[in-house]
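S.K.: Here's a structure for you.
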Amino acid sequence: MPDEKPEHHHEHSEHELRAEALETLLTEKGLVTADAIDGIIRLFEEDIGPMNGAKVVARAWCDDGFRARLLDDATAAIGELDVTMLPEAPIVVVPNEPGVHNVVVCTLCSCYPSGLLGISPKWYKDPAYRSRVVREPRRVLSEMGLDLAPELEVRVWDSSAELRYMVLPARPEGCEDWDEARLAGLVTRDSMIGTALPRDPSEAT
Amino acid sequence: MTAPSPDAQVPRVLDETGPAAPPRANGELVFDHVWEGRLFGVTMALFRTGAFAWDEFRERLIEEIGDWERRHGDGEEYRYYERWLAAFQRLVTEKGLCRAEDLASRLRELAARPAGHDH
């Protein structure tokens, strides 16, 4: 369109072209196939989401033995659930308990347990979140809508090449007789990063 | 880190019709632009072939992000997948998977396409 903002369009299309150039060159050399690329995009955009992580959390809420194994060796325990992870790094699950709230960050880049939580949200990759949540976690969480009681200890976990973290949120009150599948519906992505709590059962469908 | 077999790297979904929310239900698209999703897919697909170790990509990504953060002040818009693109380009050229001159000439070809070619 002739009246589109020219600088913006130019800047945008330069990255687009570069990404396209790399994709076509690697594909023509037979190093990757278009089918493999399409499959991965579909998987992450449509299938995974935070669903795998939510199932892990719901199982831990219902099964104390699983919970203990999950906290002891999450990579192995998740294996019991038939959720195959992208093998970027082993997972460590940190539990929210009375008196303790956990939150996850990757200060250096944006390591994230994508096999459990899908593609990371934009704010997780943002320089402001990555630097500030370490220095002033309460304030950042409050700005994100999560006000924590002053007596709670806040633990910040910095992901790395060797380890990724996921938060096991506490099971809310008011869902004592719910089954695992229904409980999984309470578990949001942000509650497993630690920037929110699970949905309120009385407001969930 | 040892490279697991390619099959082990495909995350399987337990229950596609389960109650947990799909990513879009969090109120945001997972990628801002189509090219970002393509690039993510190309990177992961190439990783699955064993062409590089994840740390080889990650260390370049950390450098590109750190470099951007040193050069740009607050208020400038940070675009994560542009850093990813810079890191991925360095990875494939430095590992000899794609020659820099091939990339340059492909970029010229693509830029020379008439406007609206794909519409």
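By order of appearance in the structure tokens: chains A, B, ..., then residues from 1 within every chain, and ligands from 1 in the order shown.
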Running DSSP on the backbone, which parts of region 26-79 of chain B land in helix (DSSP H, G or I), as a VMD selection string?

M.R.: chain B and resid 26 34 to 48 54 to 71

S.K.: At a cut-off of 8 Å, using only C-alpha atoms, what residues contact region 67-82 of chain B? Leave out same-chain residues fewer than 4 positions from it and give the result as a ChimeraX atom specification.

M.R.: /A:15,125-127 /B:36,63,86

S.K.: Would you export the selected residues with N, CA and C atoms as a PDB file, in the first residue's frame, please?

M.R.:
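Final file, out.pdb:
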ATOM      1  N   HIS A  15      14.032  -8.008   8.191  1.00  0.00           N
ATOM      2  CA  HIS A  15      14.175  -9.225   9.001  1.00  0.00           C
ATOM      3  C   HIS A  15      13.423 -10.387   8.374  1.00  0.00           C
ATOM      4  N   LYS A 125      10.420 -12.473  27.863  1.00  0.00           N
ATOM      5  CA  LYS A 125      11.654 -12.227  27.122  1.00  0.00           C
ATOM      6  C   LYS A 125      12.103 -10.781  27.237  1.00  0.00           C
ATOM      7  N   ASP A 126      11.276  -9.972  27.834  1.00  0.00           N
ATOM      8  CA  ASP A 126      11.548  -8.544  27.865  1.00  0.00           C
ATOM      9  C   ASP A 126      12.685  -8.207  28.828  1.00  0.00           C
ATOM     10  N   PRO A 127      13.603  -7.304  28.426  1.00  0.00           N
ATOM     11  CA  PRO A 127      14.728  -6.952  29.320  1.00  0.00           C
ATOM     12  C   PRO A 127      14.256  -6.452  30.683  1.00  0.00           C
TER      13      PRO A 127
ATOM     14  N   GLU B  36       8.551 -14.692  12.460  1.00  0.00           N
ATOM     15  CA  GLU B  36       9.097 -15.125  13.747  1.00  0.00           C
ATOM     16  C   GLU B  36       8.773 -16.597  14.008  1.00  0.00           C
ATOM     17  N   GLU B  63      24.846 -13.561  23.662  1.00  0.00           N
ATOM     18  CA  GLU B  63      25.729 -12.481  23.195  1.00  0.00           C
ATOM     19  C   GLU B  63      24.940 -11.409  22.450  1.00  0.00           C
ATOM     20  N   ALA B  86      19.592 -12.834  14.526  1.00  0.00           N
ATOM     21  CA  ALA B  86      21.019 -12.530  14.443  1.00  0.00           C
ATOM     22  C   ALA B  86      21.851 -13.707  14.952  1.00  0.00           C
TER      23      ALA B  86
END

S.K.: What gap, in Å, lies between CA of Pro50 (chain A) and CA of Val167 (chain A)?

M.R.: 12.4 Å

S.K.: Could you tell me which of A:Arg130, A:Arg171, A:Arg67, A:His101 comes closest to chain B if we count only C-alpha atoms?

M.R.: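 So, comparing all the options, the nearest one is A:Arg130.
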
S.K.: What is the CA of Val104 (chain A) to CA of Asp38 (chain A) distance in Å?

M.R.: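 If I compute the distance from CA of Val104 (chain A) to CA of Asp38 (chain A), I get 29.7 Å.
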
S.K.: Quick one, how far is CA of Asp32 (chain B) from CA of Asn102 (chain A)?

M.R.: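 CA of Asp32 (chain B) sits 28.6 Å away from CA of Asn102 (chain A).
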
S.K.: Pick out the residues sitting within 12 Å of Val140 (chain A), and hand them over as a PyMOL selection string; count only C-alpha atoms, and ignore anything fewer than 4 positions along from it in its own chain.

M.R.: chain A and resi 103+105+123-124+128-136+144-148+154+156+194-196

S.K.: From the set A:Arg42, A:Arg199, A:Arg155, A:Arg164, which residue has the shortest atom-to-atom contact distance to Ile91 (chain A), counting only C-alpha atoms?

M.R.: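 Among the listed residues, A:Arg164 lies closest to Ile91 (chain A).
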
S.K.: Please determine, counting only C-alpha atoms, which residue among B:Trp54, B:Asp102, B:Ala112, B:Arg60 has the shortest atom-to-atom distance to Glu162 (chain A).

M.R.: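 Of B:Trp54, B:Asp102, B:Ala112, B:Arg60, the one nearest Glu162 (chain A), counting only C-alpha atoms, is B:Trp54.
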
S.K.: Fewer than 4 positions away in the same chain doesn't count, so skip those; otherwise give me all residues within 8 Å of Leu97 (chain B), counting only C-alpha atoms, as a VMD selection string.

M.R.: (chain A and resid 26) or (chain B and resid 92 to 93)

S.K.: When distances are computed from only C-alpha atoms, which of B:Arg113, B:Ala100, B:Asp55, B:Leu91 shows the smallest separation from chain A?

M.R.: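 Comparing B:Arg113, B:Ala100, B:Asp55, B:Leu91 against chain A, the winner is B:Asp55.
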
S.K.: Residues near Glu28 (chain A), anyone? I mean within 12 Å using only C-alpha atoms, not counting same-chain ones fewer than 5 positions away, as JSON, numbers by chain.

M.R.: {"A": [21, 22, 23, 33, 34], "B": [97, 98, 102, 106]}

S.K.: For each of B:Leu107, B:Leu46, B:Trp84, B:Val34, take the minimum atom-to-atom distance to Lys29 (chain A), counting only C-alpha atoms, then give the residue where this is smallest.

M.R.: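 Between B:Leu107, B:Leu46, B:Trp84, B:Val34, the residue approaching Lys29 (chain A) most closely is B:Leu46.
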
S.K.: Tell me which protein, DNA and RNA residues are within 10 Å of Tyr165 (chain A), counting only C-alpha atoms, leaving out same-chain ones fewer than 3 positions away, and put them as a ChimeraX atom specification.

M.R.: /A:74,89-94,102-106,111-113,157-160,168,192-193
